[in-house]
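Novice: As input, take protein01.cif (mmCIF, C-alpha atoms):
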```cif
data_my_file
#
loop_
_atom_site.label_atom_id
_atom_site.label_comp_id
_atom_site.auth_asym_id
_atom_site.auth_seq_id
_atom_site.Cartn_x
_atom_site.Cartn_y
_atom_site.Cartn_z
CA MET A 1 0.00 0.00 0.00
CA LYS A 2 1.37 3.41 -0.94
CA LEU A 3 1.34 5.81 2.00
CA SER A 4 2.83 9.26 2.26
CA ARG A 5 5.32 9.81 5.05
CA ARG A 6 2.70 11.71 7.06
CA GLU A 7 0.16 8.93 6.55
CA PHE A 8 2.72 6.35 7.63
CA LEU A 9 3.46 8.23 10.82
CA ALA A 10 -0.23 8.73 11.57
CA THR A 11 -0.95 5.08 10.86
CA SER A 12 1.85 3.92 13.13
CA ALA A 13 0.51 6.06 15.93
CA ALA A 14 -3.07 4.91 15.43
CA GLY A 15 -2.04 1.24 15.56
CA ALA A 16 -4.29 -1.69 14.91
CA THR A 17 -7.66 -0.78 16.38
CA ILE A 18 -10.95 -2.62 16.53
CA GLY A 19 -13.06 -0.19 18.56
CA ALA A 20 -13.35 0.93 22.12
CA MET A 21 -14.00 -2.61 23.34
CA GLY A 22 -12.43 -5.60 21.59
CA ARG A 23 -11.95 -9.25 22.32
CA SER A 24 -8.66 -8.51 24.05
CA GLY A 25 -10.73 -6.81 26.75
CA ALA A 26 -12.79 -9.98 27.12
CA VAL A 27 -9.62 -11.96 27.77
CA MET A 28 -8.43 -9.46 30.34
CA ALA A 29 -11.75 -9.73 32.17
CA GLN A 30 -10.87 -13.30 33.05
CA ALA A 31 -7.98 -12.11 35.18
CA VAL A 32 -8.21 -11.44 38.91
CA ARG A 33 -9.66 -8.01 39.66
CA SER A 34 -6.87 -5.54 40.15
CA PRO A 35 -6.67 -4.56 43.83
CA ARG A 36 -5.08 -1.23 43.02
CA ARG A 37 -6.79 2.02 42.25
CA ALA A 38 -6.14 3.64 38.87
CA GLU A 39 -3.60 6.42 39.10
CA LEU A 40 -5.94 9.37 38.73
CA PRO A 41 -6.27 12.60 40.71
CA ARG A 42 -8.80 12.50 43.52
CA PRO A 43 -12.19 13.64 42.23
CA ARG A 44 -13.23 17.17 43.14
CA GLY A 45 -16.86 16.54 42.32
CA PRO A 46 -19.15 13.70 41.22
CA ARG A 47 -17.06 11.37 39.08
CA VAL A 48 -18.51 10.35 35.71
CA VAL A 49 -16.63 7.62 33.86
CA VAL A 50 -17.13 7.31 30.11
CA VAL A 51 -16.08 3.99 28.56
CA GLY A 52 -15.29 4.23 24.86
CA GLY A 53 -13.65 7.02 22.87
CA GLY A 54 -15.60 7.01 19.63
CA TRP A 55 -17.87 9.83 18.51
CA SER A 56 -20.34 9.06 21.29
CA GLY A 57 -17.84 8.82 24.14
CA LEU A 58 -15.86 11.89 23.10
CA SER A 59 -19.04 13.93 22.77
CA MET A 60 -20.36 12.67 26.12
CA ALA A 61 -17.15 13.62 27.94
CA LYS A 62 -17.21 17.13 26.47
CA TYR A 63 -20.89 17.87 27.06
CA LEU A 64 -20.89 16.47 30.60
CA LYS A 65 -18.26 19.05 31.51
CA GLN A 66 -20.22 21.76 29.73
CA GLU A 67 -23.48 20.87 31.49
CA LYS A 68 -21.96 20.53 34.94
CA PRO A 69 -18.40 21.90 35.26
CA ASP A 70 -17.93 20.34 38.72
CA PHE A 71 -18.30 16.85 37.23
CA ASP A 72 -15.01 14.96 37.38
CA VAL A 73 -15.09 13.24 33.97
CA VAL A 74 -12.75 10.38 33.03
CA LEU A 75 -12.67 8.95 29.51
CA VAL A 76 -11.45 5.33 29.44
CA GLU A 77 -10.29 4.23 25.98
CA ARG A 78 -8.01 1.35 25.01
CA ARG A 79 -6.72 3.03 21.85
CA ALA A 80 -3.85 5.49 21.94
CA MET A 81 -5.22 7.58 19.08
CA PHE A 82 -8.65 8.26 17.59
CA MET A 83 -9.51 7.36 14.01
CA SER A 84 -12.85 8.36 12.54
CA CYS A 85 -15.11 5.95 10.68
CA PRO A 86 -17.23 8.83 9.27
CA MET A 87 -15.46 10.19 6.18
CA SER A 88 -13.17 7.15 5.94
CA ASN A 89 -14.57 6.23 2.50
CA LEU A 90 -12.95 9.41 1.20
CA TRP A 91 -9.57 8.22 2.47
CA LEU A 92 -10.07 4.89 0.71
CA ALA A 93 -10.55 6.89 -2.49
CA GLY A 94 -7.49 9.07 -1.90
CA LEU A 95 -9.55 12.26 -1.55
CA ILE A 96 -8.21 13.04 1.93
CA GLU A 97 -5.08 12.11 3.85
CA LEU A 98 -5.13 9.85 6.87
CA GLU A 99 -4.29 12.80 9.10
CA PHE A 100 -7.75 14.16 8.37
CA LEU A 101 -9.23 11.19 10.26
CA VAL A 102 -6.80 10.66 13.16
CA HIS A 103 -6.70 12.86 16.27
CA SER A 104 -5.24 12.92 19.76
CA TYR A 105 -7.18 11.85 22.85
CA LEU A 106 -4.74 13.87 24.92
CA ASP A 107 -5.72 17.04 23.03
CA ALA A 108 -9.43 16.30 23.48
CA ALA A 109 -9.06 15.79 27.23
CA ARG A 110 -6.79 18.79 27.80
CA ASN A 111 -8.86 21.18 25.70
CA ASN A 112 -12.19 20.13 27.20
CA GLY A 113 -11.26 19.80 30.86
CA TYR A 114 -11.55 16.05 31.49
CA LEU A 115 -9.13 13.15 32.06
CA TYR A 116 -8.13 10.51 29.51
CA LEU A 117 -7.07 7.08 30.76
CA ASN A 118 -5.49 4.85 28.12
CA ALA A 119 -6.80 1.52 29.44
CA THR A 120 -9.14 -1.38 28.70
CA ALA A 121 -12.29 -1.66 30.81
CA THR A 122 -12.42 -5.28 32.00
CA GLU A 123 -15.17 -5.70 34.61
CA LEU A 124 -18.01 -3.81 36.26
CA ASP A 125 -19.28 -4.00 39.84
CA ARG A 126 -22.50 -1.98 39.83
CA HIS A 127 -23.19 -2.70 43.50
CA ARG A 128 -19.97 -0.94 44.52
CA ARG A 129 -20.11 1.48 41.56
CA ARG A 130 -16.66 0.36 40.55
CA LEU A 131 -15.17 -0.10 37.07
CA TYR A 132 -12.14 -2.35 36.73
CA THR A 133 -9.60 -1.58 34.02
CA SER A 134 -6.20 -2.81 32.92
CA GLU A 135 -4.74 0.20 34.77
CA GLY A 136 -6.61 -0.32 38.05
CA PHE A 137 -10.14 0.28 39.30
CA ILE A 138 -12.15 3.51 39.25
CA ASP A 139 -15.06 4.30 41.55
CA TYR A 140 -17.80 6.29 39.87
CA ASP A 141 -20.94 8.23 40.63
CA TYR A 142 -22.17 7.80 37.05
CA LEU A 143 -21.02 5.50 34.27
CA VAL A 144 -21.60 5.99 30.55
CA VAL A 145 -20.81 3.01 28.33
CA ALA A 146 -20.29 3.97 24.69
CA PRO A 147 -18.48 0.99 23.16
CA GLY A 148 -19.66 1.09 19.54
CA ILE A 149 -20.56 -2.01 17.55
CA GLY A 150 -19.53 -5.62 17.32
CA TYR A 151 -19.77 -8.01 14.37
CA ASP A 152 -21.99 -11.09 14.49
CA TYR A 153 -20.57 -13.52 11.93
CA ALA A 154 -22.59 -16.38 13.42
CA ALA A 155 -25.80 -14.56 12.46
CA MET A 156 -24.84 -14.90 8.79
CA GLY A 157 -24.32 -18.66 9.08
CA VAL A 158 -20.58 -18.68 9.69
CA LYS A 159 -20.30 -21.05 12.64
CA ASP A 160 -16.73 -22.33 12.37
CA PRO A 161 -14.35 -20.10 14.40
CA ALA A 162 -11.65 -20.70 11.80
CA ASP A 163 -13.93 -19.39 9.03
CA ARG A 164 -14.94 -16.39 11.17
CA ALA A 165 -11.30 -15.55 11.80
CA ARG A 166 -10.48 -15.88 8.12
CA LEU A 167 -13.36 -13.64 7.10
CA ALA A 168 -12.38 -11.01 9.66
CA GLN A 169 -8.75 -10.99 8.55
CA ASP A 170 -9.03 -11.56 4.80
CA TYR A 171 -12.29 -9.74 4.01
CA PRO A 172 -12.76 -7.13 6.77
CA ALA A 173 -15.85 -4.93 6.71
CA ALA A 174 -13.92 -1.74 7.48
CA PHE A 175 -16.68 -0.32 9.66
CA ARG A 176 -14.56 -0.37 12.81
CA PRO A 177 -11.74 2.10 12.20
CA GLY A 178 -8.09 1.13 12.11
CA SER A 179 -6.51 -1.97 10.64
CA GLU A 180 -9.68 -2.92 8.77
CA HIS A 181 -9.50 0.31 6.78
CA LEU A 182 -5.78 -0.08 6.08
CA THR A 183 -6.39 -3.58 4.74
CA LEU A 184 -9.28 -2.48 2.53
CA LYS A 185 -7.24 0.38 1.09
CA ARG A 186 -4.43 -2.01 0.23
CA LYS A 187 -6.94 -4.37 -1.39
CA LEU A 188 -8.30 -1.60 -3.61
CA GLU A 189 -4.83 -0.47 -4.65
CA ASP A 190 -3.80 -4.03 -5.53
CA PHE A 191 -7.06 -5.06 -7.23
CA ASP A 192 -6.49 -5.60 -10.95
CA GLY A 193 -9.92 -6.74 -12.08
CA GLY A 194 -12.80 -9.12 -11.52
CA THR A 195 -15.66 -9.15 -9.02
CA PHE A 196 -15.45 -7.21 -5.76
CA VAL A 197 -18.29 -8.09 -3.38
CA LEU A 198 -19.71 -5.71 -0.78
CA THR A 199 -22.55 -6.58 1.58
CA VAL A 200 -25.24 -4.59 3.39
CA PRO A 201 -26.27 -6.37 6.62
CA PRO A 202 -29.86 -6.81 7.80
CA GLY A 203 -31.31 -4.84 10.69
CA SER A 204 -29.75 -1.67 12.02
CA TYR A 205 -26.10 -1.07 11.16
CA ARG A 206 -23.49 1.66 11.34
CA CYS A 207 -24.34 4.57 9.00
CA PRO A 208 -27.28 3.70 6.71
CA THR A 209 -25.80 5.35 3.60
CA ALA A 210 -22.21 4.16 4.03
CA PRO A 211 -22.35 0.78 2.20
CA TYR A 212 -23.95 2.43 -0.83
CA GLU A 213 -21.46 5.29 -0.70
CA ARG A 214 -18.62 2.76 -0.54
CA ALA A 215 -19.96 0.95 -3.60
CA CYS A 216 -19.94 4.26 -5.49
CA VAL A 217 -16.44 5.16 -4.31
CA ILE A 218 -14.98 1.80 -5.34
CA ALA A 219 -16.83 1.82 -8.68
CA SER A 220 -15.54 5.34 -9.29
CA LEU A 221 -11.96 4.09 -8.80
CA PHE A 222 -12.54 1.15 -11.15
CA LYS A 223 -14.00 3.50 -13.74
CA ARG A 224 -11.13 5.97 -13.39
CA ASP A 225 -8.55 3.20 -13.85
CA ARG A 226 -10.58 1.53 -16.64
CA LEU A 227 -10.45 -1.81 -14.90
CA LYS A 228 -12.39 -4.78 -16.13
CA ALA A 229 -14.08 -4.98 -12.77
CA LYS A 230 -17.41 -4.57 -11.08
CA VAL A 231 -18.82 -4.13 -7.59
CA VAL A 232 -21.51 -6.62 -6.65
CA LEU A 233 -23.50 -5.10 -3.80
CA LEU A 234 -25.48 -7.75 -1.92
CA ASP A 235 -28.17 -6.01 0.14
CA ALA A 236 -30.10 -7.92 2.81
CA HIS A 237 -32.87 -5.31 2.55
CA ALA A 238 -35.57 -5.28 -0.12
CA ASP A 239 -34.24 -1.95 -1.39
CA ILE A 240 -31.73 0.77 -0.58
CA VAL A 241 -32.30 1.85 3.01
CA VAL A 242 -31.78 5.64 2.75
CA GLY A 243 -31.45 7.86 -0.33
CA ARG A 244 -33.10 5.24 -2.53
CA HIS A 245 -33.84 7.43 -5.55
CA GLY A 246 -30.46 9.17 -5.55
CA PHE A 247 -28.37 6.02 -5.28
CA HIS A 248 -30.40 4.18 -7.92
CA GLU A 249 -29.90 7.12 -10.28
CA VAL A 250 -26.16 7.14 -9.55
CA PHE A 251 -25.92 3.39 -10.16
CA ARG A 252 -27.79 3.75 -13.45
CA ARG A 253 -26.21 6.92 -14.83
CA LEU A 254 -22.64 6.72 -13.57
CA TYR A 255 -21.89 3.06 -12.92
CA ALA A 256 -24.11 0.92 -15.14
CA ASP A 257 -21.05 -1.14 -16.13
CA TYR A 258 -19.45 -1.14 -12.70
CA ILE A 259 -22.14 -1.79 -10.04
CA GLU A 260 -24.48 -4.74 -9.88
CA TYR A 261 -27.03 -4.16 -7.13
CA VAL A 262 -28.71 -7.28 -5.70
CA PRO A 263 -31.52 -6.46 -3.21
CA GLY A 264 -33.11 -8.99 -0.87
CA PHE A 265 -29.97 -11.12 -0.72
CA GLU A 266 -30.06 -13.00 2.58
CA ILE A 267 -26.69 -14.58 3.23
CA GLU A 268 -27.00 -18.17 4.40
CA THR A 269 -23.26 -18.72 4.80
CA LEU A 270 -19.89 -17.82 3.30
CA ASP A 271 -17.05 -19.99 2.12
CA PRO A 272 -13.89 -17.87 2.42
CA GLY A 273 -11.74 -20.65 0.97
CA ARG A 274 -13.76 -20.92 -2.24
CA LYS A 275 -14.51 -17.16 -2.23
CA ARG A 276 -18.23 -17.77 -2.40
CA VAL A 277 -21.28 -16.15 -0.82
CA VAL A 278 -24.19 -18.54 -0.45
CA GLY A 279 -27.65 -16.97 -0.43
CA GLY A 280 -31.27 -17.93 -0.75
CA VAL A 281 -31.48 -16.48 -4.27
CA GLY A 282 -28.23 -18.01 -5.50
CA ASP A 283 -24.50 -18.11 -4.95
CA VAL A 284 -22.03 -15.35 -5.80
CA ASP A 285 -18.34 -15.98 -6.43
CA PHE A 286 -15.86 -13.18 -5.95
CA ASP A 287 -12.22 -12.26 -6.51
CA ASP A 288 -12.10 -10.04 -3.45
CA ALA A 289 -14.55 -8.64 -0.95
CA ALA A 290 -15.31 -6.53 2.11
CA ILE A 291 -17.93 -8.49 4.06
CA TYR A 292 -20.09 -6.38 6.39
CA PRO A 293 -21.68 -8.89 8.80
CA PRO A 294 -24.78 -8.23 10.91
CA VAL A 295 -24.09 -5.62 13.57
CA ARG A 296 -24.55 -6.27 17.28
CA GLY A 297 -23.93 -4.32 20.45
CA ALA A 298 -20.29 -4.44 21.48
CA GLU A 299 -19.30 -7.59 23.40
CA VAL A 300 -18.58 -5.57 26.54
CA LEU A 301 -22.34 -5.27 27.12
CA GLU A 302 -22.49 -8.98 27.89
CA ARG A 303 -19.43 -8.86 30.09
CA PHE A 304 -20.86 -6.00 32.13
CA GLY A 305 -24.37 -7.49 32.33
CA LEU A 306 -25.91 -4.64 30.32
CA MET A 307 -27.16 -6.59 27.30
CA ASP A 308 -30.82 -7.28 26.67
CA PRO A 309 -30.98 -11.06 26.10
CA ALA A 310 -34.21 -10.62 24.11
CA ASP A 311 -32.62 -8.14 21.67
CA PRO A 312 -31.78 -9.87 18.35
CA GLN A 313 -28.85 -7.48 17.90
CA LYS A 314 -27.61 -7.98 21.48
CA GLU A 315 -27.89 -4.31 22.38
CA ALA A 316 -28.35 -2.67 25.77
CA ARG A 317 -31.44 -2.97 28.00
CA ILE A 318 -31.96 0.72 28.71
CA ASP A 319 -34.79 3.16 29.14
CA PRO A 320 -35.58 4.27 25.56
CA LEU A 321 -36.05 7.91 26.52
CA ARG A 322 -33.48 8.45 29.29
CA TYR A 323 -30.77 5.98 28.18
CA HIS A 324 -30.12 4.61 31.68
CA LEU A 325 -29.91 0.89 32.39
CA LEU A 326 -33.30 -0.43 33.47
CA GLY A 327 -33.22 -0.43 37.25
CA ASP A 328 -30.03 1.62 37.55
CA GLU A 329 -30.05 5.37 36.93
CA ARG A 330 -26.29 5.55 37.52
CA VAL A 331 -25.38 3.59 34.38
CA TYR A 332 -26.10 4.79 30.82
CA VAL A 333 -25.45 3.34 27.36
CA THR A 334 -25.12 5.65 24.37
CA GLY A 335 -24.07 5.54 20.74
CA ASP A 336 -24.21 2.51 18.50
CA SER A 337 -24.90 -0.03 21.27
CA ARG A 338 -28.21 1.50 22.32
CA PRO A 339 -31.26 -0.40 21.03
CA MET A 340 -33.52 2.36 19.74
CA PRO A 341 -33.99 2.31 15.93
CA ILE A 342 -32.13 5.58 15.48
CA ALA A 343 -29.40 5.83 12.86
CA LYS A 344 -25.97 4.70 14.02
CA THR A 345 -23.98 7.69 12.77
CA GLY A 346 -21.36 10.03 14.18
CA TYR A 347 -23.71 12.99 13.92
CA THR A 348 -26.40 11.08 15.80
CA ALA A 349 -23.98 10.05 18.53
CA ASN A 350 -22.94 13.66 19.00
CA SER A 351 -26.47 15.05 19.08
CA GLU A 352 -27.79 12.42 21.49
CA ALA A 353 -24.79 13.03 23.78
CA ARG A 354 -25.95 16.62 24.23
CA TYR A 355 -29.28 15.31 25.48
CA VAL A 356 -27.96 12.53 27.72
CA ALA A 357 -25.46 14.90 29.33
CA LYS A 358 -28.42 17.05 30.39
CA VAL A 359 -30.26 13.98 31.76
CA ILE A 360 -27.26 13.00 33.91
CA ALA A 361 -26.59 16.56 35.08
CA HIS A 362 -30.20 16.99 36.20
CA HIS A 363 -30.19 13.62 37.95
CA ALA A 364 -27.08 14.65 39.88
CA GLU A 365 -28.94 17.77 41.02
CA GLY A 366 -31.95 15.72 42.12
CA SER A 367 -34.27 16.80 39.31
CA ASP A 368 -35.68 15.23 36.17
CA PHE A 369 -34.84 16.57 32.74
CA THR A 370 -38.33 16.11 31.34
CA PRO A 371 -38.21 17.44 27.77
CA TRP A 372 -37.12 14.85 25.22
CA TYR A 373 -35.68 16.04 21.97
CA SER A 374 -34.71 14.03 18.98
CA PRO A 375 -31.20 12.99 18.06
CA GLU A 376 -30.44 14.03 14.51
CA ALA A 377 -28.67 12.30 11.66
CA LEU A 378 -26.84 14.10 8.87
CA CYS A 379 -24.82 12.30 6.21
CA TYR A 380 -23.00 13.54 3.15
CA ALA A 381 -22.54 10.51 0.91
CA THR A 382 -19.92 10.71 -1.82
CA VAL A 383 -21.18 9.23 -5.08
CA SER A 384 -18.33 10.25 -7.39
CA THR A 385 -14.63 10.82 -6.75
CA HIS A 386 -13.62 12.32 -10.13
CA PRO A 387 -15.17 14.86 -9.88
CA HIS A 388 -15.91 14.76 -6.16
CA GLN A 389 -19.71 14.90 -5.79
CA ALA A 390 -22.13 13.96 -3.03
CA ILE A 391 -25.75 13.74 -1.93
CA SER A 392 -27.03 14.56 1.56
CA VAL A 393 -29.48 13.03 4.02
CA PHE A 394 -30.85 14.66 7.17
CA ALA A 395 -33.22 12.99 9.62
CA HIS A 396 -34.82 13.62 12.98
CA TYR A 397 -37.18 11.40 14.93
CA ILE A 398 -40.51 11.43 16.70
CA TYR A 399 -41.57 8.91 19.31
CA ARG A 400 -44.89 7.54 20.50
CA GLN A 401 -45.55 5.82 23.82
CA ASN A 402 -48.66 3.71 24.23
CA GLU A 403 -50.52 2.83 27.41
CA ARG A 404 -48.25 -0.19 27.92
CA GLU A 405 -45.24 2.16 27.94
CA VAL A 406 -43.93 0.76 24.67
CA VAL A 407 -41.94 3.41 22.81
CA THR A 408 -41.74 3.43 19.01
CA TYR A 409 -39.63 5.76 16.89
CA THR A 410 -40.34 7.10 13.42
CA ALA A 411 -37.69 8.76 11.26
CA ARG A 412 -38.45 11.94 9.35
CA PRO A 413 -35.77 11.99 6.61
CA ASP A 414 -35.00 14.84 4.25
CA VAL A 415 -32.96 13.63 1.29
CA ASP A 416 -31.27 15.92 -1.24
CA ASP A 417 -30.36 13.39 -3.90
CA HIS A 418 -29.14 15.87 -6.51
CA TRP A 419 -25.42 15.15 -6.45
CA ASP A 420 -22.96 17.99 -6.87
CA HIS A 421 -19.58 19.28 -5.78
CA ALA A 422 -21.07 21.78 -3.34
CA LYS A 423 -22.40 18.96 -1.13
CA ALA A 424 -19.04 17.23 -1.27
CA LEU A 425 -17.37 20.40 0.02
CA SER A 426 -20.08 20.75 2.68
CA GLY A 427 -19.34 17.22 3.83
CA LEU A 428 -15.66 18.01 4.31
CA GLU A 429 -16.45 21.17 6.26
CA TRP A 430 -19.04 19.26 8.32
CA ALA A 431 -16.33 16.80 9.36
CA ARG A 432 -13.81 19.55 10.15
CA ALA A 433 -16.37 21.28 12.34
CA PHE A 434 -17.08 18.13 14.34
CA TYR A 435 -13.41 17.28 14.77
CA ARG A 436 -12.90 20.81 16.12
CA GLU A 437 -15.92 20.28 18.37
CA MET A 438 -14.54 17.09 19.89
CA PHE A 439 -10.80 17.79 20.00
CA ASP A 440 -10.20 21.57 20.12
#
```
Re-express the file's structure as structure tokens.

Specialist:
Amino acid sequence: MKLSRREFLATSAAGATIGAMGRSGAVMAQAVRSPRRAELPRPRGPRVVVVGGGWSGLSMAKYLKQEKPDFDVVLVERRAMFMSCPMSNLWLAGLIELEFLVHSYLDAARNNGYLYLNATATELDRHRRRLYTSEGFIDYDYLVVAPGIGYDYAAMGVKDPADRARLAQDYPAAFRPGSEHLTLKRKLEDFDGGTFVLTVPPGSYRCPTAPYERACVIASLFKRDRLKAKVVLLDAHADIVVGRHGFHEVFRRLYADYIEYVPGFEIETLDPGRKRVVGGVGDVDFDDAAIYPPVRGAEVLERFGLMDPADPQKEARIDPLRYHLLGDERVYVTGDSRPMPIAKTGYTANSEARYVAKVIAHHAEGSDFTPWYSPEALCYATVSTHPHQAISVFAHYIYRQNEREVVTYTARPDVDDHWDHAKALSGLEWARAFYREMFD
């Protein structure tokens, strides 16, 4: 893979990352609880610990300090450097450098008045309000768990651990930032023709427009390089989830020879050795692929006892309006591991963090933050790299609660599916603004 010197340095610093909570944390949880306290300053106010340094965790840490400056906020994150999943498709296409996506947790903590602990959260004792980490335990007044997503290969029929490992290493989805993205970029640079398979998982997954955007980005590269190649996009849904009209028009007008869209493709299993996807409507052979498996709540939810066993995507059992664990108003789950059918995007994570920070601040003051307001989702999806053009999607939500206290959410999307360069530039400025928001 060809990297500039600056990209190489940034990549080396970012390291191989798989999200705020990975399987290495699960192994560490088997160890004896550390008897020592984490080396942190004594709290000067109520201590709020945030586990996970993605868009949700970073936003939570910042807004908690803004809502209640006497909160003693500690961000626990196992990675040494942040890498953004939003906008990463542009890096795959060479439209931005890696430095656009990577940022310093130290800068975020220093500039926003909280503490950053580079550690893996291993175990939770809710009775004692104590979080155990690889760097010692932390006692908390409030805990926010924002661990992102996990992949559920078993849900797509891949039962053999050896096959799951091979899929994860050879055909990574690249929806958890770090090594997966580096591998996919190398794959695209080395690809010299044939069939490149992408998949859209069933259910709720990270960023509704992203798989379709990625298909466009890769097809744009194939078209630019005049490769005898095509993207086969296998979608578990009956049709494109968001931006249907715009993406279909892009597929038809720009990539008729480069994208084959297959809706309603339910994967029954995969054979990584034979490079074959087996589905109910037929089998698809490929030369290379990026397999996006069904998304689940991060594995740490199970380890901490926060997972809803009845949730098919293994997400958290929390109050759908206040985000706290059912039966425990000292523990909250935010971001992509919460169960509500709200888009799993960076913008959404940031906007809901503003709300949850208010909920926690009011609870600490002995009051209830009664008004609910909707998280919002805003995506700029690149559909062409040469020239750089994009569409945009904005959504907010309404909720209804029936007499049985069942809450349902309805999205109100606003799609601008006329692609142009102005939206592409707006997307870049949108990202710059949010990176400044979280890190400056």

Novice: When you look at Lys187 (chain A) with a cut-off of 12 Å (counting all atoms listed in the file), what residues show up, excluding the ones that are within fewer than 5 positions of it in the same chain? I need them as a PDB file with C-alpha atoms, keeping the file's coordinate frame.

Specialist:
```pdb
ATOM      1  CA  MET A   1       0.000   0.000   0.000  1.00  0.00           C
ATOM      2  CA  LYS A   2       1.370   3.410  -0.940  1.00  0.00           C
ATOM      3  CA  LEU A  92     -10.070   4.890   0.710  1.00  0.00           C
ATOM      4  CA  ALA A  93     -10.550   6.890  -2.490  1.00  0.00           C
ATOM      5  CA  ASP A 170      -9.030 -11.560   4.800  1.00  0.00           C
ATOM      6  CA  TYR A 171     -12.290  -9.740   4.010  1.00  0.00           C
ATOM      7  CA  PRO A 172     -12.760  -7.130   6.770  1.00  0.00           C
ATOM      8  CA  ALA A 174     -13.920  -1.740   7.480  1.00  0.00           C
ATOM      9  CA  GLU A 180      -9.680  -2.920   8.770  1.00  0.00           C
ATOM     10  CA  HIS A 181      -9.500   0.310   6.780  1.00  0.00           C
ATOM     11  CA  LEU A 182      -5.780  -0.080   6.080  1.00  0.00           C
ATOM     12  CA  ASP A 192      -6.490  -5.600 -10.950  1.00  0.00           C
ATOM     13  CA  GLY A 193      -9.920  -6.740 -12.080  1.00  0.00           C
ATOM     14  CA  PHE A 196     -15.450  -7.210  -5.760  1.00  0.00           C
ATOM     15  CA  ILE A 218     -14.980   1.800  -5.340  1.00  0.00           C
ATOM     16  CA  ASP A 287     -12.220 -12.260  -6.510  1.00  0.00           C
ATOM     17  CA  ASP A 288     -12.100 -10.040  -3.450  1.00  0.00           C
ATOM     18  CA  ALA A 289     -14.550  -8.640  -0.950  1.00  0.00           C
ATOM     19  CA  ALA A 290     -15.310  -6.530   2.110  1.00  0.00           C
TER      20      ALA A 290
END
```

Novice: Give me the residues near region 136-152 of chain A as an MDAnalysis selection string, where near means some atom within 8 Å (using all atoms listed in the file) and where sequence neighbours in that chain fewer than 5 positions away do not count.

Specialist: chainID A and resid 19:21 34:39 46:54 56:57 128:131 176 206 293:300 330:337 360

Novice: Under the PyMOL selection byres ((chain A and resi 58) around 10), which residues of this model are included? Write them out as a ChimeraX atom specification.

Specialist: /A:50-57,59-63,75,77,82,105,108-109,112,146,349-350,353,437-439

Novice: Create the file for the chosen residues now, containing C-alpha atoms and written as a CSV table (one decimal), in the frame of the given file.

Specialist:
```csv
chain,number,residue,atom,x,y,z
A,50,VAL,CA,-17.1,7.3,30.1
A,51,VAL,CA,-16.1,4.0,28.6
A,52,GLY,CA,-15.3,4.2,24.9
A,53,GLY,CA,-13.6,7.0,22.9
A,54,GLY,CA,-15.6,7.0,19.6
A,55,TRP,CA,-17.9,9.8,18.5
A,56,SER,CA,-20.3,9.1,21.3
A,57,GLY,CA,-17.8,8.8,24.1
A,59,SER,CA,-19.0,13.9,22.8
A,60,MET,CA,-20.4,12.7,26.1
A,61,ALA,CA,-17.2,13.6,27.9
A,62,LYS,CA,-17.2,17.1,26.5
A,63,TYR,CA,-20.9,17.9,27.1
A,75,LEU,CA,-12.7,9.0,29.5
A,77,GLU,CA,-10.3,4.2,26.0
A,82,PHE,CA,-8.6,8.3,17.6
A,105,TYR,CA,-7.2,11.8,22.8
A,108,ALA,CA,-9.4,16.3,23.5
A,109,ALA,CA,-9.1,15.8,27.2
A,112,ASN,CA,-12.2,20.1,27.2
A,146,ALA,CA,-20.3,4.0,24.7
A,349,ALA,CA,-24.0,10.0,18.5
A,350,ASN,CA,-22.9,13.7,19.0
A,353,ALA,CA,-24.8,13.0,23.8
A,437,GLU,CA,-15.9,20.3,18.4
A,438,MET,CA,-14.5,17.1,19.9
A,439,PHE,CA,-10.8,17.8,20.0
```

Novice: If the PyMOL selection byres ((chain A and resi 228) around 12) were run on this exact file, what residues would it hold? Put them as a ChimeraX atom specification.

Specialist: /A:191-196,219,221-227,229-231,257-259

Novice: Decode the PyMOL selection byres ((chain A and resi 209-216) around 8) for the given file into explicit residues and return them as a list in words.

Specialist: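 Output from the PyMOL selection byres ((chain A and resi 209-216) around 8), applied to this file: Asn89, Leu198, Thr199, Val200, Arg206, Cys207, Pro208, Val217, Ile218, Ala219, Ser220, Val231, Leu233, Ile240, Val241, Val242, Gly243, Phe247, Val250, Phe251, Tyr255, Ile259, Cys379, Ala381, Thr382, Val383 and Ser384 of chain A.
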
Novice: Skipping near chain neighbours, those fewer than 3 positions away, what residues fall within 9 Å of Phe394 (chain A) using all atoms listed in the file, listed as a list in words?

Specialist: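 With the cut-off at 9 Å, the set is Glu376, Ala377, Leu378, Cys379, Tyr380, Arg412, Pro413, Asp414, Val415 and Asp416 of chain A.
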
Novice: Can you work out the spacing between CA of Thr385 (chain A) and CA of Leu90 (chain A) in Å, to one decimal?

Specialist: 8.2 Å

Novice: Which residue is closest to Ala238 (chain A)? Choose from A:Asp271, A:Glu266, A:Asp368, A:Glu123 and count all atoms listed in the file.

Specialist: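 Among the listed residues, A:Glu266 lies closest to Ala238 (chain A).
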
Novice: Counting only C-alpha atoms, which of A:Pro41, A:Pro339, A:Gly113, A:Gly203 gets nearest to Met307 (chain A)?

Specialist: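 Answer, going by the shortest atom-to-atom distance: A:Pro339.
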